[in-house]
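Dumped my_file-v3.cif below, it's mmCIF, N, CA and C atoms:
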data_run
loop_
_atom_site.label_atom_id
_atom_site.label_comp_id
_atom_site.auth_asym_id
_atom_site.auth_seq_id
_atom_site.Cartn_x
_atom_site.Cartn_y
_atom_site.Cartn_z
N VAL A 124 161.39 -85.59 159.25
CA VAL A 124 161.95 -86.73 159.98
C VAL A 124 161.10 -87.96 159.70
N GLN A 125 161.76 -89.05 159.35
CA GLN A 125 161.06 -90.32 159.14
C GLN A 125 161.74 -91.40 159.96
N LEU A 126 160.92 -92.28 160.52
CA LEU A 126 161.40 -93.38 161.31
C LEU A 126 160.89 -94.69 160.70
N GLN A 127 161.77 -95.65 160.56
CA GLN A 127 161.41 -96.94 160.00
C GLN A 127 161.80 -98.03 160.98
N ALA A 128 160.79 -98.62 161.60
CA ALA A 128 161.04 -99.70 162.57
C ALA A 128 161.00 -101.04 161.87
N SER A 129 161.81 -101.95 162.34
CA SER A 129 161.86 -103.30 161.79
C SER A 129 162.34 -104.27 162.84
N GLY A 130 162.30 -105.55 162.50
CA GLY A 130 162.82 -106.57 163.39
C GLY A 130 161.77 -107.37 164.15
N GLY A 131 160.53 -106.97 164.02
CA GLY A 131 159.47 -107.73 164.69
C GLY A 131 159.25 -109.07 164.00
N GLY A 132 158.42 -109.89 164.62
CA GLY A 132 158.12 -111.18 164.05
C GLY A 132 157.53 -112.11 165.08
N LEU A 133 157.53 -113.38 164.74
CA LEU A 133 157.00 -114.42 165.61
C LEU A 133 158.15 -115.09 166.34
N VAL A 134 158.03 -115.18 167.64
CA VAL A 134 159.07 -115.82 168.46
C VAL A 134 158.40 -116.64 169.54
N GLU A 135 159.05 -117.71 169.93
CA GLU A 135 158.50 -118.56 170.99
C GLU A 135 158.76 -117.93 172.36
N PRO A 136 157.94 -118.26 173.33
CA PRO A 136 158.19 -117.77 174.69
C PRO A 136 159.59 -118.12 175.14
N GLY A 137 160.23 -117.18 175.79
CA GLY A 137 161.61 -117.35 176.23
C GLY A 137 162.63 -116.92 175.20
N GLY A 138 162.17 -116.63 174.00
CA GLY A 138 163.08 -116.24 172.93
C GLY A 138 163.45 -114.77 172.97
N SER A 139 164.22 -114.36 171.98
CA SER A 139 164.71 -112.98 171.90
C SER A 139 164.45 -112.40 170.51
N LEU A 140 164.34 -111.10 170.49
CA LEU A 140 164.26 -110.34 169.24
C LEU A 140 165.02 -109.04 169.43
N ARG A 141 165.57 -108.54 168.32
CA ARG A 141 166.16 -107.20 168.36
C ARG A 141 165.43 -106.33 167.36
N LEU A 142 164.80 -105.30 167.87
CA LEU A 142 164.12 -104.34 167.03
C LEU A 142 165.09 -103.24 166.63
N SER A 143 164.90 -102.74 165.42
CA SER A 143 165.73 -101.66 164.92
C SER A 143 164.84 -100.51 164.45
N CYS A 144 165.37 -99.32 164.54
CA CYS A 144 164.64 -98.15 164.05
C CYS A 144 165.65 -97.23 163.37
N GLU A 145 165.45 -97.03 162.09
CA GLU A 145 166.32 -96.14 161.33
C GLU A 145 165.65 -94.79 161.20
N VAL A 146 166.42 -93.75 161.44
CA VAL A 146 165.87 -92.40 161.48
C VAL A 146 166.54 -91.53 160.43
N SER A 147 165.72 -90.86 159.66
CA SER A 147 166.25 -89.91 158.68
C SER A 147 166.18 -88.52 159.29
N SER A 148 167.31 -88.09 159.82
CA SER A 148 167.37 -86.77 160.45
C SER A 148 168.83 -86.38 160.62
N ASP A 149 169.12 -85.13 160.31
CA ASP A 149 170.47 -84.63 160.53
C ASP A 149 170.74 -84.35 162.00
N MET A 150 169.67 -84.36 162.80
CA MET A 150 169.81 -84.05 164.23
C MET A 150 169.72 -85.29 165.10
N PHE A 151 169.87 -86.47 164.49
CA PHE A 151 169.66 -87.71 165.24
C PHE A 151 170.50 -87.76 166.51
N SER A 152 171.75 -87.40 166.44
CA SER A 152 172.64 -87.53 167.59
C SER A 152 172.19 -86.64 168.75
N SER A 153 171.37 -85.64 168.47
CA SER A 153 170.88 -84.74 169.52
C SER A 153 169.53 -85.18 170.08
N ALA A 154 168.95 -86.18 169.50
CA ALA A 154 167.59 -86.57 169.88
C ALA A 154 167.58 -87.62 170.98
N THR A 155 166.53 -87.58 171.77
CA THR A 155 166.22 -88.67 172.68
C THR A 155 165.35 -89.67 171.92
N MET A 156 165.76 -90.92 171.92
CA MET A 156 165.03 -91.96 171.22
C MET A 156 164.33 -92.86 172.23
N GLY A 157 163.15 -93.30 171.87
CA GLY A 157 162.40 -94.15 172.78
C GLY A 157 161.71 -95.28 172.06
N TRP A 158 161.37 -96.29 172.84
CA TRP A 158 160.55 -97.41 172.35
C TRP A 158 159.29 -97.49 173.21
N TYR A 159 158.18 -97.69 172.54
CA TYR A 159 156.88 -97.85 173.18
C TYR A 159 156.22 -99.07 172.56
N ARG A 160 155.14 -99.50 173.18
CA ARG A 160 154.39 -100.58 172.57
C ARG A 160 152.91 -100.43 172.91
N ARG A 161 152.13 -101.03 172.05
CA ARG A 161 150.69 -101.13 172.31
C ARG A 161 150.32 -102.60 172.24
N VAL A 162 149.91 -103.12 173.39
CA VAL A 162 149.48 -104.51 173.44
C VAL A 162 147.97 -104.53 173.37
N PRO A 163 147.39 -105.64 172.91
CA PRO A 163 145.93 -105.70 172.75
C PRO A 163 145.19 -105.35 174.04
N GLY A 164 144.22 -104.47 173.92
CA GLY A 164 143.38 -104.10 175.05
C GLY A 164 143.97 -103.06 175.98
N LYS A 165 145.16 -102.55 175.66
CA LYS A 165 145.79 -101.57 176.53
C LYS A 165 146.23 -100.34 175.74
N GLN A 166 146.47 -99.27 176.47
CA GLN A 166 146.99 -98.07 175.83
C GLN A 166 148.47 -98.24 175.55
N ARG A 167 148.97 -97.39 174.68
CA ARG A 167 150.39 -97.42 174.38
C ARG A 167 151.20 -97.13 175.64
N GLU A 168 152.23 -97.90 175.85
CA GLU A 168 153.04 -97.76 177.06
C GLU A 168 154.51 -97.53 176.72
N PHE A 169 155.14 -96.77 177.58
CA PHE A 169 156.56 -96.47 177.44
C PHE A 169 157.38 -97.67 177.89
N LEU A 170 158.43 -97.98 177.15
CA LEU A 170 159.33 -99.07 177.51
C LEU A 170 160.72 -98.57 177.89
N ALA A 171 161.34 -97.82 177.00
CA ALA A 171 162.73 -97.44 177.22
C ALA A 171 163.06 -96.19 176.42
N ALA A 172 164.05 -95.47 176.90
CA ALA A 172 164.55 -94.29 176.19
C ALA A 172 166.05 -94.19 176.36
N ILE A 173 166.66 -93.56 175.37
CA ILE A 173 168.09 -93.29 175.44
C ILE A 173 168.32 -91.86 174.99
N SER A 174 169.03 -91.12 175.81
CA SER A 174 169.25 -89.72 175.51
C SER A 174 170.43 -89.53 174.56
N SER A 175 170.66 -88.29 174.19
CA SER A 175 171.74 -88.00 173.25
C SER A 175 173.11 -88.36 173.84
N ASP A 176 173.23 -88.34 175.15
CA ASP A 176 174.52 -88.67 175.76
C ASP A 176 174.59 -90.13 176.20
N GLY A 177 173.58 -90.91 175.82
CA GLY A 177 173.63 -92.35 176.09
C GLY A 177 172.97 -92.80 177.38
N ALA A 178 172.42 -91.87 178.14
CA ALA A 178 171.74 -92.26 179.37
C ALA A 178 170.45 -93.00 179.03
N THR A 179 170.19 -94.06 179.77
CA THR A 179 169.02 -94.88 179.47
C THR A 179 168.02 -94.87 180.62
N ASN A 180 166.78 -95.15 180.26
CA ASN A 180 165.69 -95.20 181.23
C ASN A 180 164.73 -96.29 180.80
N TYR A 181 164.31 -97.10 181.76
CA TYR A 181 163.40 -98.20 181.47
C TYR A 181 162.20 -98.16 182.41
N GLU A 182 161.09 -98.66 181.90
CA GLU A 182 159.89 -98.74 182.72
C GLU A 182 159.20 -100.07 182.49
N GLY A 183 158.48 -100.49 183.52
CA GLY A 183 157.58 -101.62 183.41
C GLY A 183 158.21 -102.89 182.86
N ALA A 184 157.62 -103.38 181.79
CA ALA A 184 158.01 -104.68 181.24
C ALA A 184 159.44 -104.69 180.73
N ALA A 185 160.00 -103.53 180.44
CA ALA A 185 161.34 -103.48 179.87
C ALA A 185 162.42 -103.68 180.91
N LYS A 186 162.11 -103.42 182.15
CA LYS A 186 163.15 -103.51 183.19
C LYS A 186 163.67 -104.93 183.34
N GLY A 187 164.96 -105.07 183.21
CA GLY A 187 165.61 -106.35 183.42
C GLY A 187 165.59 -107.29 182.23
N ARG A 188 164.79 -106.98 181.21
CA ARG A 188 164.71 -107.89 180.07
C ARG A 188 165.06 -107.23 178.75
N PHE A 189 164.85 -105.93 178.65
CA PHE A 189 165.08 -105.22 177.39
C PHE A 189 166.27 -104.27 177.54
N THR A 190 166.98 -104.05 176.44
CA THR A 190 168.10 -103.12 176.43
C THR A 190 168.00 -102.21 175.22
N ILE A 191 168.02 -100.92 175.47
CA ILE A 191 168.00 -99.95 174.37
C ILE A 191 169.43 -99.49 174.09
N SER A 192 169.72 -99.28 172.83
CA SER A 192 171.04 -98.78 172.44
C SER A 192 170.90 -97.96 171.17
N ARG A 193 171.95 -97.24 170.84
CA ARG A 193 171.90 -96.40 169.64
C ARG A 193 173.25 -96.40 168.95
N ASP A 194 173.21 -96.14 167.66
CA ASP A 194 174.43 -96.00 166.86
C ASP A 194 174.27 -94.69 166.09
N ASN A 195 174.89 -93.65 166.59
CA ASN A 195 174.72 -92.34 165.97
C ASN A 195 175.33 -92.27 164.57
N ALA A 196 176.34 -93.09 164.31
CA ALA A 196 176.95 -93.09 162.98
C ALA A 196 176.00 -93.64 161.93
N LYS A 197 175.07 -94.48 162.37
CA LYS A 197 174.12 -95.10 161.43
C LYS A 197 172.71 -94.55 161.58
N ASN A 198 172.51 -93.61 162.49
CA ASN A 198 171.15 -93.09 162.76
C ASN A 198 170.20 -94.22 163.12
N MET A 199 170.64 -95.09 163.99
CA MET A 199 169.85 -96.26 164.37
C MET A 199 169.68 -96.32 165.88
N VAL A 200 168.53 -96.83 166.28
CA VAL A 200 168.29 -97.16 167.67
C VAL A 200 167.75 -98.59 167.70
N TYR A 201 168.12 -99.31 168.75
CA TYR A 201 167.79 -100.71 168.85
C TYR A 201 167.08 -101.01 170.17
N LEU A 202 166.32 -102.09 170.16
CA LEU A 202 165.75 -102.60 171.40
C LEU A 202 165.97 -104.11 171.40
N GLN A 203 166.89 -104.55 172.24
CA GLN A 203 167.14 -105.97 172.42
C GLN A 203 166.16 -106.49 173.46
N MET A 204 165.37 -107.48 173.08
CA MET A 204 164.35 -108.01 173.97
C MET A 204 164.63 -109.47 174.23
N ASN A 205 164.80 -109.81 175.50
CA ASN A 205 165.10 -111.17 175.91
C ASN A 205 163.98 -111.72 176.80
N SER A 206 163.98 -113.03 176.95
CA SER A 206 163.00 -113.70 177.82
C SER A 206 161.59 -113.25 177.49
N LEU A 207 161.25 -113.28 176.23
CA LEU A 207 159.95 -112.78 175.80
C LEU A 207 158.82 -113.67 176.28
N LYS A 208 157.71 -113.02 176.58
CA LYS A 208 156.52 -113.70 177.09
C LYS A 208 155.34 -113.44 176.16
N PRO A 209 154.33 -114.27 176.20
CA PRO A 209 153.14 -113.99 175.38
C PRO A 209 152.55 -112.60 175.64
N ASP A 210 152.66 -112.10 176.86
CA ASP A 210 152.15 -110.77 177.18
C ASP A 210 152.92 -109.66 176.48
N ASP A 211 154.06 -109.98 175.91
CA ASP A 211 154.83 -108.97 175.16
C ASP A 211 154.30 -108.80 173.74
N THR A 212 153.35 -109.61 173.35
CA THR A 212 152.78 -109.49 172.01
C THR A 212 152.13 -108.13 171.82
N GLY A 213 152.47 -107.49 170.72
CA GLY A 213 151.90 -106.18 170.43
C GLY A 213 152.66 -105.50 169.32
N VAL A 214 152.33 -104.23 169.11
CA VAL A 214 153.01 -103.42 168.11
C VAL A 214 153.98 -102.49 168.83
N TYR A 215 155.20 -102.50 168.36
CA TYR A 215 156.28 -101.74 168.99
C TYR A 215 156.64 -100.54 168.12
N TYR A 216 156.75 -99.39 168.77
CA TYR A 216 156.98 -98.13 168.08
C TYR A 216 158.25 -97.45 168.57
N CYS A 217 158.99 -96.85 167.68
CA CYS A 217 160.10 -96.00 168.09
C CYS A 217 159.66 -94.53 168.01
N ARG A 218 160.28 -93.76 168.84
CA ARG A 218 159.93 -92.33 168.96
C ARG A 218 161.19 -91.51 168.96
N TYR A 219 161.11 -90.38 168.28
CA TYR A 219 162.24 -89.45 168.14
C TYR A 219 161.80 -88.11 168.72
N ALA A 220 162.63 -87.54 169.56
CA ALA A 220 162.25 -86.27 170.16
C ALA A 220 163.48 -85.41 170.41
N LEU A 221 163.42 -84.19 169.96
CA LEU A 221 164.41 -83.19 170.31
C LEU A 221 163.87 -82.40 171.50
N SER A 222 164.72 -81.57 172.08
CA SER A 222 164.29 -80.79 173.24
C SER A 222 163.31 -79.69 172.85
N TRP A 223 163.13 -79.49 171.56
CA TRP A 223 162.16 -78.52 171.07
C TRP A 223 161.30 -79.19 170.01
N GLY A 224 160.14 -78.67 169.76
CA GLY A 224 159.28 -79.21 168.71
C GLY A 224 158.54 -80.47 169.13
N ASN A 225 157.80 -81.02 168.18
CA ASN A 225 157.00 -82.21 168.43
C ASN A 225 157.79 -83.48 168.19
N PRO A 226 157.42 -84.56 168.88
CA PRO A 226 158.08 -85.83 168.61
C PRO A 226 157.59 -86.45 167.30
N TYR A 227 158.37 -87.41 166.82
CA TYR A 227 158.00 -88.16 165.63
C TYR A 227 157.95 -89.64 166.00
N TRP A 228 157.05 -90.36 165.30
CA TRP A 228 156.85 -91.78 165.58
C TRP A 228 157.07 -92.61 164.32
N GLY A 229 157.60 -93.82 164.54
CA GLY A 229 157.67 -94.77 163.46
C GLY A 229 156.33 -95.45 163.26
N GLN A 230 156.26 -96.30 162.25
CA GLN A 230 154.99 -96.93 161.88
C GLN A 230 154.67 -98.14 162.74
N GLY A 231 155.62 -98.62 163.49
CA GLY A 231 155.38 -99.79 164.34
C GLY A 231 155.78 -101.09 163.68
N THR A 232 156.20 -102.01 164.51
CA THR A 232 156.54 -103.34 164.03
C THR A 232 155.88 -104.36 164.97
N GLN A 233 155.27 -105.37 164.38
CA GLN A 233 154.49 -106.35 165.15
C GLN A 233 155.41 -107.39 165.77
N VAL A 234 155.21 -107.62 167.05
CA VAL A 234 155.91 -108.69 167.77
C VAL A 234 154.84 -109.66 168.28
N THR A 235 155.02 -110.92 167.96
CA THR A 235 154.10 -111.96 168.43
C THR A 235 154.90 -113.03 169.14
N VAL A 236 154.54 -113.25 170.40
CA VAL A 236 155.22 -114.27 171.20
C VAL A 236 154.23 -115.40 171.42
N SER A 237 154.53 -116.52 170.81
CA SER A 237 153.59 -117.64 170.87
C SER A 237 154.31 -118.93 170.53
N SER A 238 153.83 -120.00 171.12
CA SER A 238 154.38 -121.32 170.80
C SER A 238 153.54 -121.99 169.71
#
Show me, as structure tokens, the structure contained in the file I just sent.
Amino acid sequence: VQLQASGGGLVEPGGSLRLSCEVSSDMFSSATMGWYRRVPGKQREFLAAISSDGATNYEGAAKGRFTISRDNAKNMVYLQMNSLKPDDTGVYYCRYALSWGNPYWGQGTQVTVSS
């Protein structure tokens, strides 16, 4: 299983970004996909997850501002991020997990929120 995250970049405060994660797996539609991030000086934190049946879960900074979605036909998961703040600066990771076995992680994509 390989995960390729993209879509990060430099955005001004209040702006939006959509992160994408492409997954090479025949079992993608059965996997729970998640987004995490590591901001400077902090441990990696959970943001959002979407299950195989489309149920979503958000925590912390993602609540009310971020939206996770998936396209099983394309083996893609997305994170739409709105109202970005400088505190959102960090490296964002996608995660793939089946109900069995170990999870897999993407390489991360850098998000920088700055004027």
Determine the residue membership of the PyMOL selection byres ((chain A and resi 144-155) around 5) for the file above and supply it as number ranges by chain. A: 124-129, 142-143, 156-157, 173-175, 198-200, 219-221
For this structure, which residues satisfy the selection - the PyMOL selection byres (((chain A and resi 171 and name CA) around 10) and name CA) - when it is evaluated on the file as given? I want them as a list in words.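 In the shown coordinates, the PyMOL selection byres (((chain A and resi 171 and name CA) around 10) and name CA) covers Met156, Gly157, Trp158, Tyr159, Glu168, Phe169, Leu170, Ala172, Ile173, Thr179, Asn180, Tyr181, Glu182, Gly183, Ala184, Ala185, Lys186, Phe189, Thr190, Ile191, Ser192, Leu202 and Cys217 of chain A.
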Enumerate as a ChimeraX atom specification all residues of chain A assigned to helix (DSSP H, G or I) by DSSP on the backbone, naming them with the chain letters and numbers the document uses. /A:151-153,183-185,209-211
Run through the PyMOL selection byres (((chain A and resi 228 and name CA) around 6) and name CA) on the given coordinates and return the selected residues as a count of residues only. 4
Rounded to one decimal place, report the CA of Pro136 in chain A-CA of Gly187 in chain A distance in Å.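 According to the coordinates, CA of Pro136 in chain A and CA of Gly187 in chain A are separated by 16.2 Å.
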DSSP on the backbone, then: every residue of chain A marked strand (DSSP E or B), written as a VMD selection string. chain A and resid 125 to 129 132 to 134 140 to 147 155 to 161 168 to 173 179 to 181 189 to 194 199 to 204 213 to 220 227 to 228 232 to 236
Write out as AutoDock Vina command-line options an axis-aligned box for range 157-160 of chain A: all of its atoms listed in the file, 6 Å added on each side, centre and edge lengths in Å with one decimal.
--center_x 158.0 --center_y -96.9 --center_z 172.5 --size_x 22.2 --size_y 19.3 --size_z 13.3
Point out the residue among A:Arg141, A:Gln166, A:Tyr215, A:Arg161 with the least atom-to-atom distance to Tyr201 in chain A, counting only N, CA and C atoms.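 Of A:Arg141, A:Gln166, A:Tyr215, A:Arg161, the one nearest Tyr201 in chain A, counting only N, CA and C atoms, is A:Arg141.
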Expressed in Å to a single decimal, how great is the separation between atom C of Thr212 in chain A and CA of Ser237 in chain A?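 Between atom C of Thr212 in chain A and CA of Ser237 in chain A the gap is 9.7 Å.
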